[in-house]
file structure-v3.txt (compact mmCIF, C-alpha atoms and all ligand atoms)
# COMPACT_ATOMS: atom_id res chain seq x y z
CA MET A 1307 7.52 -30.58 13.92
CA ALA A 1308 5.90 -27.33 12.81
CA SER A 1309 2.13 -27.43 13.16
CA LEU A 1310 -0.44 -24.79 12.36
CA SER A 1311 -3.32 -26.43 14.14
CA GLY A 1312 -5.97 -23.82 14.99
CA LYS A 1313 -4.26 -21.01 13.04
CA VAL A 1314 -5.76 -18.83 10.32
CA ALA A 1315 -3.42 -17.93 7.44
CA LEU A 1316 -3.95 -15.32 4.72
CA ILE A 1317 -1.78 -15.96 1.64
CA THR A 1318 -1.53 -13.59 -1.33
CA GLY A 1319 -0.82 -14.88 -4.81
CA ALA A 1320 -2.38 -18.14 -3.65
CA ALA A 1321 -3.70 -18.98 -7.13
CA SER A 1322 -0.34 -20.17 -8.47
CA GLY A 1323 3.20 -21.37 -7.81
CA LEU A 1324 4.67 -20.70 -4.38
CA GLY A 1325 1.46 -19.19 -3.00
CA ARG A 1326 -0.60 -22.23 -3.92
CA ALA A 1327 2.06 -24.64 -2.60
CA SER A 1328 2.22 -22.71 0.69
CA ALA A 1329 -1.59 -22.68 0.98
CA LEU A 1330 -1.75 -26.45 0.45
CA LEU A 1331 1.05 -27.22 2.94
CA LEU A 1332 -0.21 -24.86 5.65
CA ALA A 1333 -3.71 -26.34 5.25
CA GLU A 1334 -2.27 -29.86 5.49
CA GLN A 1335 -0.63 -28.78 8.76
CA GLY A 1336 -3.96 -27.64 10.21
CA ALA A 1337 -4.36 -23.99 9.21
CA ARG A 1338 -7.58 -22.56 7.84
CA ILE A 1339 -6.62 -20.68 4.67
CA ALA A 1340 -7.71 -17.35 3.22
CA ALA A 1341 -6.42 -17.58 -0.37
CA ALA A 1342 -6.11 -14.11 -1.92
CA ASP A 1343 -5.29 -13.33 -5.54
CA LEU A 1344 -6.26 -11.27 -8.59
CA ASN A 1345 -7.10 -14.49 -10.42
CA ALA A 1346 -10.43 -15.69 -9.00
CA GLU A 1347 -10.74 -18.83 -11.11
CA ALA A 1348 -7.31 -20.19 -10.19
CA GLY A 1349 -7.73 -18.97 -6.59
CA GLU A 1350 -10.97 -20.93 -6.29
CA ALA A 1351 -9.10 -23.96 -7.68
CA THR A 1352 -6.61 -23.68 -4.79
CA VAL A 1353 -9.54 -23.54 -2.35
CA ALA A 1354 -11.13 -26.60 -4.01
CA GLN A 1355 -7.82 -28.53 -3.74
CA ILE A 1356 -7.62 -27.73 -0.02
CA ALA A 1357 -11.25 -28.77 0.51
CA ALA A 1358 -10.68 -32.01 -1.43
CA ALA A 1359 -7.81 -32.83 0.93
CA GLY A 1360 -10.08 -32.28 3.96
CA GLY A 1361 -8.99 -28.73 4.81
CA GLU A 1362 -10.88 -25.46 5.16
CA ALA A 1363 -10.29 -22.45 2.90
CA ALA A 1364 -12.00 -19.47 1.28
CA PHE A 1365 -11.05 -17.29 -1.67
CA PHE A 1366 -10.67 -13.51 -1.27
CA PRO A 1367 -10.31 -11.38 -4.41
CA LEU A 1368 -7.48 -8.92 -3.78
CA ASP A 1369 -5.19 -6.66 -5.74
CA VAL A 1370 -2.30 -6.16 -3.31
CA VAL A 1371 -1.78 -2.55 -4.45
CA ASP A 1372 -5.29 -1.60 -3.25
CA GLU A 1373 -5.22 -0.32 0.34
CA ASP A 1374 -9.03 -0.43 0.75
CA GLY A 1375 -8.96 -3.95 -0.67
CA TRP A 1376 -6.51 -4.97 2.06
CA THR A 1377 -8.74 -3.51 4.78
CA ALA A 1378 -11.77 -5.33 3.35
CA THR A 1379 -9.82 -8.59 3.05
CA VAL A 1380 -8.47 -8.59 6.61
CA THR A 1381 -11.93 -7.64 7.92
CA GLY A 1382 -13.45 -10.41 5.81
CA VAL A 1383 -10.95 -13.00 7.04
CA ILE A 1384 -11.71 -12.14 10.68
CA GLU A 1385 -15.47 -12.24 10.00
CA ARG A 1386 -15.16 -15.61 8.29
CA PHE A 1387 -12.56 -17.35 10.48
CA GLY A 1388 -12.66 -15.32 13.72
CA LYS A 1389 -9.02 -14.14 13.68
CA LEU A 1390 -5.80 -13.70 11.67
CA ASP A 1391 -2.60 -15.45 12.81
CA VAL A 1392 -0.44 -15.63 9.69
CA LEU A 1393 0.06 -13.43 6.61
CA VAL A 1394 2.19 -14.66 3.72
CA ASN A 1395 2.96 -11.70 1.41
CA ASN A 1396 3.73 -13.80 -1.64
CA ALA A 1397 2.08 -12.09 -4.65
CA GLY A 1398 4.70 -10.69 -6.99
CA ILE A 1399 5.60 -9.97 -10.59
CA GLU A 1400 8.86 -10.28 -12.54
CA LEU A 1401 10.37 -7.95 -15.16
CA VAL A 1402 13.43 -9.02 -17.15
CA GLN A 1403 14.61 -5.97 -19.05
CA SER A 1404 17.66 -3.72 -19.24
CA ILE A 1405 17.48 -0.33 -17.49
CA PRO A 1406 17.36 1.68 -20.77
CA GLU A 1407 14.49 -0.53 -22.01
CA THR A 1408 12.49 -0.09 -18.80
CA SER A 1409 9.90 2.69 -18.78
CA PHE A 1410 9.19 4.55 -15.57
CA GLU A 1411 5.67 3.06 -15.64
CA GLU A 1412 7.14 -0.47 -15.77
CA TRP A 1413 9.54 0.34 -12.92
CA ARG A 1414 6.66 1.77 -10.85
CA ARG A 1415 4.42 -1.25 -11.53
CA VAL A 1416 7.06 -3.66 -10.18
CA MET A 1417 7.56 -1.45 -7.12
CA ASP A 1418 3.78 -1.16 -6.61
CA VAL A 1419 3.10 -4.89 -6.59
CA ASN A 1420 6.31 -6.27 -5.07
CA LEU A 1421 7.12 -3.60 -2.47
CA ASP A 1422 4.09 -1.32 -1.89
CA GLY A 1423 1.87 -4.44 -1.83
CA VAL A 1424 3.96 -5.92 0.99
CA PHE A 1425 3.89 -2.64 2.94
CA LEU A 1426 0.09 -2.46 2.63
CA GLY A 1427 -0.19 -6.10 3.67
CA ILE A 1428 1.96 -5.61 6.77
CA LYS A 1429 -0.02 -2.49 7.69
CA ALA A 1430 -3.38 -4.22 7.36
CA ALA A 1431 -2.19 -7.39 9.10
CA ILE A 1432 -0.87 -5.51 12.13
CA GLN A 1433 -4.41 -4.18 12.66
CA GLY A 1434 -5.92 -7.64 12.31
CA MET A 1435 -3.27 -9.46 14.36
CA ARG A 1436 -3.55 -6.95 17.20
CA GLN A 1437 -7.14 -8.15 17.62
CA SER A 1438 -5.92 -11.77 17.56
CA GLY A 1439 -3.15 -11.23 20.14
CA GLY A 1440 -0.22 -11.55 17.74
CA GLY A 1441 0.93 -13.42 14.67
CA SER A 1442 3.56 -14.16 12.07
CA ILE A 1443 4.15 -12.30 8.80
CA VAL A 1444 6.23 -14.01 6.09
CA ASN A 1445 7.36 -11.89 3.15
CA ILE A 1446 8.48 -13.65 -0.01
CA SER A 1447 11.51 -11.74 -1.29
CA SER A 1448 14.13 -13.45 -3.52
CA VAL A 1449 17.84 -14.05 -3.93
CA ALA A 1450 17.35 -10.97 -6.13
CA GLY A 1451 16.76 -9.08 -2.88
CA ILE A 1452 20.30 -9.96 -1.78
CA ASN A 1453 22.40 -10.11 -4.99
CA GLY A 1454 22.21 -8.00 -8.13
CA PHE A 1455 21.21 -9.65 -11.41
CA SER A 1456 21.60 -8.17 -14.89
CA ARG A 1457 18.34 -7.00 -16.59
CA GLN A 1458 16.43 -7.19 -13.30
CA ALA A 1459 16.98 -3.74 -11.77
CA ALA A 1460 13.34 -3.09 -10.86
CA TYR A 1461 12.80 -6.62 -9.56
CA CYS A 1462 16.03 -6.58 -7.49
CA ALA A 1463 15.25 -3.12 -6.08
CA SER A 1464 11.72 -4.19 -5.10
CA LYS A 1465 12.90 -7.42 -3.48
CA GLY A 1466 15.79 -5.67 -1.69
CA GLY A 1467 13.18 -3.25 -0.36
CA VAL A 1468 11.14 -6.16 0.99
CA ARG A 1469 14.23 -7.46 2.80
CA LEU A 1470 14.73 -4.27 4.85
CA LEU A 1471 11.03 -3.48 5.16
CA THR A 1472 10.83 -6.89 6.86
CA LYS A 1473 13.61 -6.11 9.33
CA SER A 1474 12.21 -2.68 10.16
CA ALA A 1475 8.71 -4.09 10.71
CA ALA A 1476 10.16 -6.92 12.83
CA VAL A 1477 11.95 -4.52 15.18
CA GLU A 1478 8.96 -2.18 15.38
CA CYS A 1479 6.52 -5.00 16.16
CA ALA A 1480 8.83 -6.63 18.71
CA GLU A 1481 9.69 -3.40 20.53
CA GLY A 1482 6.03 -2.37 20.40
CA GLY A 1483 5.14 -5.55 22.30
CA LEU A 1484 2.75 -6.62 19.54
CA ASN A 1485 3.76 -10.30 19.59
CA ILE A 1486 4.01 -10.18 15.79
CA ARG A 1487 7.07 -11.72 14.11
CA VAL A 1488 8.14 -10.64 10.60
CA ASN A 1489 10.59 -12.59 8.43
CA SER A 1490 11.59 -12.76 4.77
CA VAL A 1491 12.17 -15.78 2.55
CA HIS A 1492 14.65 -15.61 -0.34
CA PRO A 1493 14.10 -18.34 -2.92
CA GLY A 1494 16.56 -19.13 -5.68
CA VAL A 1495 15.09 -20.12 -9.02
CA ILE A 1496 12.00 -22.22 -8.37
CA ASP A 1497 10.05 -24.11 -11.04
CA THR A 1498 6.69 -22.28 -11.05
CA PRO A 1499 4.56 -20.66 -13.79
CA MET A 1500 6.63 -17.46 -13.24
CA TYR A 1501 9.83 -19.41 -14.03
CA GLN A 1502 8.24 -21.17 -17.01
CA ALA A 1503 7.28 -17.74 -18.43
CA PHE A 1504 11.02 -17.06 -19.01
CA PHE A 1505 10.93 -19.62 -21.81
CA ASP A 1506 7.89 -18.16 -23.60
CA GLY A 1507 8.62 -17.65 -27.28
CA MET A 1508 12.07 -19.36 -27.16
CA ASP A 1509 13.00 -22.10 -29.59
CA GLU A 1510 13.97 -25.46 -28.12
CA GLN A 1511 17.73 -24.85 -28.29
CA SER A 1512 17.58 -21.40 -26.64
CA ALA A 1513 15.24 -22.75 -23.94
CA LYS A 1514 17.64 -25.62 -23.20
CA ALA A 1515 20.60 -23.20 -22.97
CA ALA A 1516 18.62 -20.89 -20.65
CA GLU A 1517 17.59 -23.82 -18.47
CA GLU A 1518 21.24 -24.87 -18.16
CA ARG A 1519 22.20 -21.33 -17.13
CA PHE A 1520 19.51 -21.31 -14.42
CA THR A 1521 20.61 -24.73 -13.18
CA ALA A 1522 24.28 -23.66 -13.06
CA LEU A 1523 23.42 -20.80 -10.69
CA HIS A 1524 22.70 -23.37 -7.96
CA PRO A 1525 25.65 -25.32 -6.44
CA ILE A 1526 23.19 -28.03 -5.46
CA GLY A 1527 22.80 -28.83 -9.19
CA HIS A 1528 19.15 -28.06 -9.94
CA VAL A 1529 16.47 -25.39 -9.55
CA GLY A 1530 14.06 -25.64 -6.62
CA ALA A 1531 10.49 -26.91 -6.29
CA SER A 1532 7.57 -24.94 -4.84
CA ASP A 1533 7.41 -27.23 -1.82
CA ASP A 1534 11.03 -26.36 -0.90
CA VAL A 1535 9.85 -22.79 -0.30
CA ALA A 1536 6.54 -23.81 1.28
CA GLN A 1537 8.44 -25.78 3.95
CA CYS A 1538 10.31 -22.60 4.97
CA VAL A 1539 7.05 -20.64 5.03
CA LEU A 1540 5.56 -23.33 7.28
CA PHE A 1541 8.45 -23.06 9.76
CA LEU A 1542 8.30 -19.26 9.90
CA ALA A 1543 4.50 -19.25 10.16
CA SER A 1544 4.46 -21.74 13.03
CA ASP A 1545 5.32 -21.36 16.70
CA ALA A 1546 8.40 -23.56 16.06
CA SER A 1547 10.07 -20.28 14.99
CA LYS A 1548 8.87 -18.28 18.02
CA PHE A 1549 12.34 -16.72 18.62
CA VAL A 1550 12.88 -15.93 14.90
CA THR A 1551 12.08 -12.40 13.76
CA GLY A 1552 13.72 -10.02 11.29
CA SER A 1553 15.53 -12.94 9.70
CA GLU A 1554 16.15 -13.62 6.01
CA MET A 1555 15.86 -17.29 5.17
CA VAL A 1556 17.56 -18.27 1.91
CA VAL A 1557 16.18 -21.32 0.14
CA ASP A 1558 18.39 -21.27 -2.92
CA GLY A 1559 20.42 -24.46 -3.32
CA GLY A 1560 23.54 -22.52 -2.28
CA LEU A 1561 23.19 -19.73 -4.90
CA THR A 1562 24.03 -16.89 -2.49
CA ALA A 1563 26.69 -18.93 -0.66
CA ARG A 1564 29.28 -18.29 -3.37
N1 LIG B 1 9.60 -18.68 -9.07
C1 LIG B 1 10.77 -18.20 -8.71
O1 LIG B 1 11.84 -18.62 -9.23
C2 LIG B 1 10.86 -17.18 -7.61
C3 LIG B 1 12.13 -16.93 -7.05
C4 LIG B 1 12.24 -15.99 -6.03
C5 LIG B 1 11.12 -15.31 -5.59
N2 LIG B 1 9.91 -15.55 -6.18
C6 LIG B 1 8.78 -14.77 -5.67
O2 LIG B 1 7.80 -15.68 -5.19
C7 LIG B 1 6.50 -15.11 -5.33
C8 LIG B 1 5.60 -16.09 -6.06
O3 LIG B 1 6.18 -16.36 -7.32
P1 LIG B 1 5.67 -17.56 -8.26
O4 LIG B 1 6.87 -18.05 -8.96
O5 LIG B 1 4.80 -18.46 -7.52
O6 LIG B 1 4.82 -16.69 -9.31
P2 LIG B 1 3.49 -16.99 -10.13
O7 LIG B 1 3.50 -16.02 -11.27
O8 LIG B 1 3.38 -18.45 -10.44
O9 LIG B 1 2.33 -16.62 -9.10
C9 LIG B 1 2.15 -15.30 -8.67
C10 LIG B 1 0.71 -15.12 -8.22
O10 LIG B 1 0.57 -13.76 -7.75
C11 LIG B 1 -0.64 -13.24 -8.27
N3 LIG B 1 -0.54 -11.78 -8.36
C12 LIG B 1 0.24 -11.05 -9.19
N4 LIG B 1 0.01 -9.74 -9.01
C13 LIG B 1 -0.93 -9.63 -8.04
C14 LIG B 1 -1.57 -8.53 -7.42
N5 LIG B 1 -1.33 -7.26 -7.78
N6 LIG B 1 -2.47 -8.79 -6.43
C15 LIG B 1 -2.77 -10.07 -6.08
N7 LIG B 1 -2.20 -11.15 -6.65
C16 LIG B 1 -1.28 -10.93 -7.62
C17 LIG B 1 -0.81 -13.89 -9.63
O11 LIG B 1 -2.16 -13.84 -10.08
C18 LIG B 1 -0.32 -15.30 -9.35
O12 LIG B 1 -1.37 -16.13 -8.91
C19 LIG B 1 6.69 -13.77 -6.06
O13 LIG B 1 6.74 -12.72 -5.11
C20 LIG B 1 8.05 -13.96 -6.71
O14 LIG B 1 8.68 -12.73 -6.97
C21 LIG B 1 9.74 -16.47 -7.17

call {"tool": "encode", "arguments": {"input": "structure-v3.txt", "output": "structure tokens"}}
result
Amino acid sequence: MASLSGKVALITGAASGLGRASALLLAEQGARIAAADLNAEAGEATVAQIAAAGGEAAFFPLDVVDEDGWTATVTGVIERFGKLDVLVNNAGIELVQSIPETSFEEWRRVMDVNLDGVFLGIKAAIQGMRQSGGGSIVNISSVAGINGFSRQAAYCASKGGVRLLTKSAAVECAEGGLNIRVNSVHPGVIDTPMYQAFFDGMDEQSAKAAEERFTALHPIGHVGASDDVAQCVLFLASDASKFVTGSEMVVDGGLTAR
């Protein structure tokens, strides 16, 4: 059984979807949670939910593309909780658009948040985890970091970047004797606010057809739930995965198996 008793976990994008689900589960398993996000109101709601369930958490305002913000956040987490054991690089944005429709600014924005943000997080966490004697970094990539999907070039490129950034960081940390493990998680389609945004502006019939297409991608017969991903994050964050580093864990109902 994976337990996070005594650990301190910093989770980005903790105000919504997979980040909030991971924050709640890791707290339930004993971790003290630093919930980071752009959205302070919803981030504070995650903290309140953890407190209501008897856990301990604090909100940290953070834009993951801001390097100084990362330094301040990791410093703040160590001041508040005494150490940093776990970083979940979860914050991310989606862009569904053909290549000709995509401006360079839109391409860059996806890269900034989804890839540069993870790089900055790893860099800041290594500093913090060194002081704590080691740790575990979990990067939320996607099946779109393994397979190509039409109209998602920027998103796929950013998530593919996270996949190999993870492996490179894992080898560097292990060979450097830092006692820091780094792994990526690759969810299939998961029912979160990001997924629900696909249906914005669609009439009922188009939304139903789109939902059926998403479902059909998964041999298991349905899209995933946030907790399905949170359970993988819990395993990789905990000492139960102490020999696991540089791995890519798919949680996709079989999507990438065919
Ligand atoms: N939902 C899916 O189907 C799915 C599938 C595969 C991968 N993912 C990945 O999982 C992660 C979480 O997705 P989700 O579905 O929970 O999305 P979501 O939109 O519900 O939540 C994302 C959170 O990230 C925050 N965020 C966005 N940009 C930020 C920034 N610059 N700095 C700090 N916080 C920022 C948002 O405020 C929000 O709280 C993302 O990286 C996403 O790409 C999602």

call {"tool": "residues_near_ligand", "arguments": {"input": "structure-v3.txt", "ligand": "ligand LIG 1 (chain B)", "cutoff": "6 Å", "atoms": "all atoms listed in the file", "output": "ChimeraX atom specification"}}
result
/A:1318-1325,1343-1345,1368-1371,1396-1399,1419,1446-1448,1493-1501

call {"tool": "axis_aligned_box", "arguments": {"input": "structure-v3.txt", "around": "segment 1487-1498 of chain A", "padding_each_side": "5 Å", "output": "AutoDock Vina command-line options"}}
result
--center_x 11.6 --center_y -17.4 --center_z 1.5 --size_x 19.9 --size_y 23.5 --size_z 35.2

call {"tool": "closest_residue", "arguments": {"input": "structure-v3.txt", "among": "A:Glu1334, A:Glu1347, A:Asp1558, A:Glu1385", "to": "Glu1362 of chain A", "atoms": "all atoms listed in the file"}}
result
A:Glu1334

call {"tool": "atom_distance", "arguments": {"input": "structure-v3.txt", "atom1": "atom CA of Thr1521 of chain A", "atom2": "atom CA of Leu1561 of chain A"}}
result
10.0 Å

call {"tool": "closest_atom_pairs", "arguments": {"input": "structure-v3.txt", "of": "segment 1337-1437 of chain A", "to": "segment 1458-1472 of chain A", "cutoff": "9 Å", "atoms": "all atoms listed in the file", "output": "CSV"}}
result
residue,atom,partner,partner_atom,distance
A:Ile1399,CA,A:Tyr1461,CA,8.0
A:Glu1400,CA,A:Tyr1461,CA,6.1
A:Leu1401,CA,A:Tyr1461,CA,6.2
A:Val1402,CA,A:Gln1458,CA,5.2
A:Gln1403,CA,A:Gln1458,CA,6.2
A:Ser1404,CA,A:Gln1458,CA,7.0
A:Ile1405,CA,A:Ala1459,CA,6.7
A:Thr1408,CA,A:Ala1460,CA,8.5
A:Glu1412,CA,A:Ala1460,CA,8.3
A:Trp1413,CA,A:Ala1460,CA,5.5
A:Arg1414,CA,A:Ala1460,CA,8.3
A:Val1416,CA,A:Ala1460,CA,6.3
A:Met1417,CA,A:Ser1464,CA,5.4
A:Asp1418,CA,A:Ser1464,CA,8.6
A:Val1419,CA,A:Ser1464,CA,8.8
A:Asn1420,CA,A:Ser1464,CA,5.8
A:Leu1421,CA,A:Ser1464,CA,5.3
A:Asp1422,CA,A:Ser1464,CA,8.8
A:Val1424,CA,A:Val1468,CA,7.2
A:Phe1425,CA,A:Leu1471,CA,7.5
A:Ile1428,CA,A:Thr1472,CA,9.0

call {"tool": "closest_residue", "arguments": {"input": "structure-v3.txt", "among": "A:Ala1563, A:Ala1503, A:Ala1431, A:Val1529", "to": "Leu1393 of chain A", "atoms": "only C-alpha atoms"}}
result
A:Ala1431

call {"tool": "atom_distance", "arguments": {"input": "structure-v3.txt", "atom1": "atom CA of Asp1534 of chain A", "atom2": "atom CA of Val1556 of chain A"}}
result
10.8 Å

call {"tool": "residues_near_point", "arguments": {"input": "structure-v3.txt", "point": "(-3.7, -16.3, 0.3)", "cutoff": "6 Å", "atoms": "all atoms listed in the file", "output": "number ranges by chain"}}
result
A: 1316-1318, 1320, 1340-1342

call {"tool": "closest_residue", "arguments": {"input": "structure-v3.txt", "among": "A:Gln1437, A:Gly1552, A:Glu1478, A:Thr1562", "to": "Leu1390 of chain A", "atoms": "only C-alpha atoms"}}
result
A:Gln1437

call {"tool": "residues_around", "arguments": {"input": "structure-v3.txt", "residues": "Glu1518 of chain A", "least_positions_apart": "4", "cutoff": "10 Å", "atoms": "only C-alpha atoms", "output": "PyMOL selection string"}}
result
chain A and resi 1512-1514+1522-1523+1527-1529

call {"tool": "closest_residue", "arguments": {"input": "structure-v3.txt", "among": "A:Ser1474, A:Leu1542, A:Gly1312, A:Glu1350", "to": "Arg1326 of chain A", "atoms": "all atoms listed in the file"}}
result
A:Glu1350

call {"tool": "closest_residue", "arguments": {"input": "structure-v3.txt", "among": "A:Asp1506, A:Ala1357, A:Phe1387, A:His1492", "to": "Val1539 of chain A", "atoms": "all atoms listed in the file"}}
result
A:His1492

call {"tool": "decode", "arguments": {"input": "structure-v3.txt", "residues": "segment 1382-1391 of chain A", "atoms": "all heavy atoms", "output": "PDB file, in the first residue's frame"}}
result
ATOM      1  N   GLY A1382       9.075  29.010  -0.281  1.00  0.00           N
ATOM      2  CA  GLY A1382       7.907  29.152   0.592  1.00  0.00           C
ATOM      3  C   GLY A1382       7.428  27.816   1.145  1.00  0.00           C
ATOM      4  O   GLY A1382       7.037  27.726   2.318  1.00  0.00           O
ATOM      5  N   VAL A1383       7.457  26.779   0.297  1.00  0.00           N
ATOM      6  CA  VAL A1383       7.024  25.443   0.752  1.00  0.00           C
ATOM      7  C   VAL A1383       7.954  24.945   1.860  1.00  0.00           C
ATOM      8  O   VAL A1383       7.499  24.419   2.887  1.00  0.00           O
ATOM      9  CB  VAL A1383       7.000  24.439  -0.435  1.00  0.00           C
ATOM     10  CG1 VAL A1383       6.783  23.017   0.058  1.00  0.00           C
ATOM     11  CG2 VAL A1383       5.923  24.827  -1.437  1.00  0.00           C
ATOM     12  N   ILE A1384       9.256  25.151   1.673  1.00  0.00           N
ATOM     13  CA  ILE A1384      10.219  24.673   2.680  1.00  0.00           C
ATOM     14  C   ILE A1384      10.088  25.482   3.974  1.00  0.00           C
ATOM     15  O   ILE A1384      10.142  24.920   5.076  1.00  0.00           O
ATOM     16  CB  ILE A1384      11.655  24.675   2.105  1.00  0.00           C
ATOM     17  CG1 ILE A1384      11.743  23.606   1.003  1.00  0.00           C
ATOM     18  CG2 ILE A1384      12.690  24.412   3.191  1.00  0.00           C
ATOM     19  CD1 ILE A1384      13.008  23.606   0.185  1.00  0.00           C
ATOM     20  N   GLU A1385       9.836  26.793   3.827  1.00  0.00           N
ATOM     21  CA  GLU A1385       9.608  27.614   5.036  1.00  0.00           C
ATOM     22  C   GLU A1385       8.369  27.140   5.789  1.00  0.00           C
ATOM     23  O   GLU A1385       8.369  27.009   7.006  1.00  0.00           O
ATOM     24  CB  GLU A1385       9.403  29.081   4.634  1.00  0.00           C
ATOM     25  CG  GLU A1385      10.710  29.855   4.563  1.00  0.00           C
ATOM     26  CD  GLU A1385      10.516  31.221   3.927  1.00  0.00           C
ATOM     27  OE1 GLU A1385       9.366  31.725   3.893  1.00  0.00           O
ATOM     28  OE2 GLU A1385      11.512  31.753   3.437  1.00  0.00           O
ATOM     29  N   ARG A1386       7.314  26.848   5.022  1.00  0.00           N
ATOM     30  CA  ARG A1386       6.029  26.494   5.651  1.00  0.00           C
ATOM     31  C   ARG A1386       6.023  25.069   6.213  1.00  0.00           C
ATOM     32  O   ARG A1386       5.550  24.801   7.304  1.00  0.00           O
ATOM     33  CB  ARG A1386       4.927  26.671   4.599  1.00  0.00           C
ATOM     34  CG  ARG A1386       3.590  26.044   4.910  1.00  0.00           C
ATOM     35  CD  ARG A1386       2.790  26.885   5.905  1.00  0.00           C
ATOM     36  NE  ARG A1386       1.705  26.122   6.472  1.00  0.00           N
ATOM     37  CZ  ARG A1386       0.425  26.391   6.306  1.00  0.00           C
ATOM     38  NH1 ARG A1386       0.070  27.433   5.600  1.00  0.00           N
ATOM     39  NH2 ARG A1386      -0.499  25.641   6.857  1.00  0.00           N
ATOM     40  N   PHE A1387       6.562  24.112   5.410  1.00  0.00           N
ATOM     41  CA  PHE A1387       6.431  22.698   5.786  1.00  0.00           C
ATOM     42  C   PHE A1387       7.764  22.035   6.184  1.00  0.00           C
ATOM     43  O   PHE A1387       7.784  20.862   6.547  1.00  0.00           O
ATOM     44  CB  PHE A1387       5.820  21.893   4.637  1.00  0.00           C
ATOM     45  CG  PHE A1387       4.383  22.274   4.321  1.00  0.00           C
ATOM     46  CD1 PHE A1387       4.044  22.808   3.089  1.00  0.00           C
ATOM     47  CD2 PHE A1387       3.367  22.076   5.249  1.00  0.00           C
ATOM     48  CE1 PHE A1387       2.725  23.138   2.789  1.00  0.00           C
ATOM     49  CE2 PHE A1387       2.039  22.405   4.955  1.00  0.00           C
ATOM     50  CZ  PHE A1387       1.722  22.948   3.725  1.00  0.00           C
ATOM     51  N   GLY A1388       8.879  22.760   6.021  1.00  0.00           N
ATOM     52  CA  GLY A1388      10.169  22.240   6.474  1.00  0.00           C
ATOM     53  C   GLY A1388      10.963  21.472   5.437  1.00  0.00           C
ATOM     54  O   GLY A1388      12.152  21.219   5.616  1.00  0.00           O
ATOM     55  N   LYS A1389      10.313  21.072   4.317  1.00  0.00           N
ATOM     56  CA  LYS A1389      11.023  20.289   3.293  1.00  0.00           C
ATOM     57  C   LYS A1389      10.150  20.162   2.050  1.00  0.00           C
ATOM     58  O   LYS A1389       8.994  20.610   2.046  1.00  0.00           O
ATOM     59  CB  LYS A1389      11.365  18.906   3.827  1.00  0.00           C
ATOM     60  CG  LYS A1389      10.150  18.113   4.269  1.00  0.00           C
ATOM     61  CD  LYS A1389      10.550  16.742   4.746  1.00  0.00           C
ATOM     62  CE  LYS A1389       9.324  15.943   5.147  1.00  0.00           C
ATOM     63  NZ  LYS A1389       9.566  14.539   5.211  1.00  0.00           N
ATOM     64  N   LEU A1390      10.713  19.524   1.013  1.00  0.00           N
ATOM     65  CA  LEU A1390       9.942  19.197  -0.199  1.00  0.00           C
ATOM     66  C   LEU A1390      10.312  17.781  -0.620  1.00  0.00           C
ATOM     67  O   LEU A1390      11.468  17.502  -0.922  1.00  0.00           O
ATOM     68  CB  LEU A1390      10.261  20.178  -1.342  1.00  0.00           C
ATOM     69  CG  LEU A1390       9.576  19.853  -2.675  1.00  0.00           C
ATOM     70  CD1 LEU A1390       8.056  20.014  -2.581  1.00  0.00           C
ATOM     71  CD2 LEU A1390      10.112  20.750  -3.802  1.00  0.00           C
ATOM     72  N   ASP A1391       9.338  16.885  -0.625  1.00  0.00           N
ATOM     73  CA  ASP A1391       9.589  15.480  -1.007  1.00  0.00           C
ATOM     74  C   ASP A1391       9.059  15.129  -2.391  1.00  0.00           C
ATOM     75  O   ASP A1391       9.596  14.240  -3.050  1.00  0.00           O
ATOM     76  CB  ASP A1391       8.894  14.527  -0.011  1.00  0.00           C
ATOM     77  CG  ASP A1391       9.363  14.734   1.409  1.00  0.00           C
ATOM     78  OD1 ASP A1391      10.563  14.552   1.663  1.00  0.00           O
ATOM     79  OD2 ASP A1391       8.525  15.091   2.262  1.00  0.00           O
TER      80      ASP A1391
END
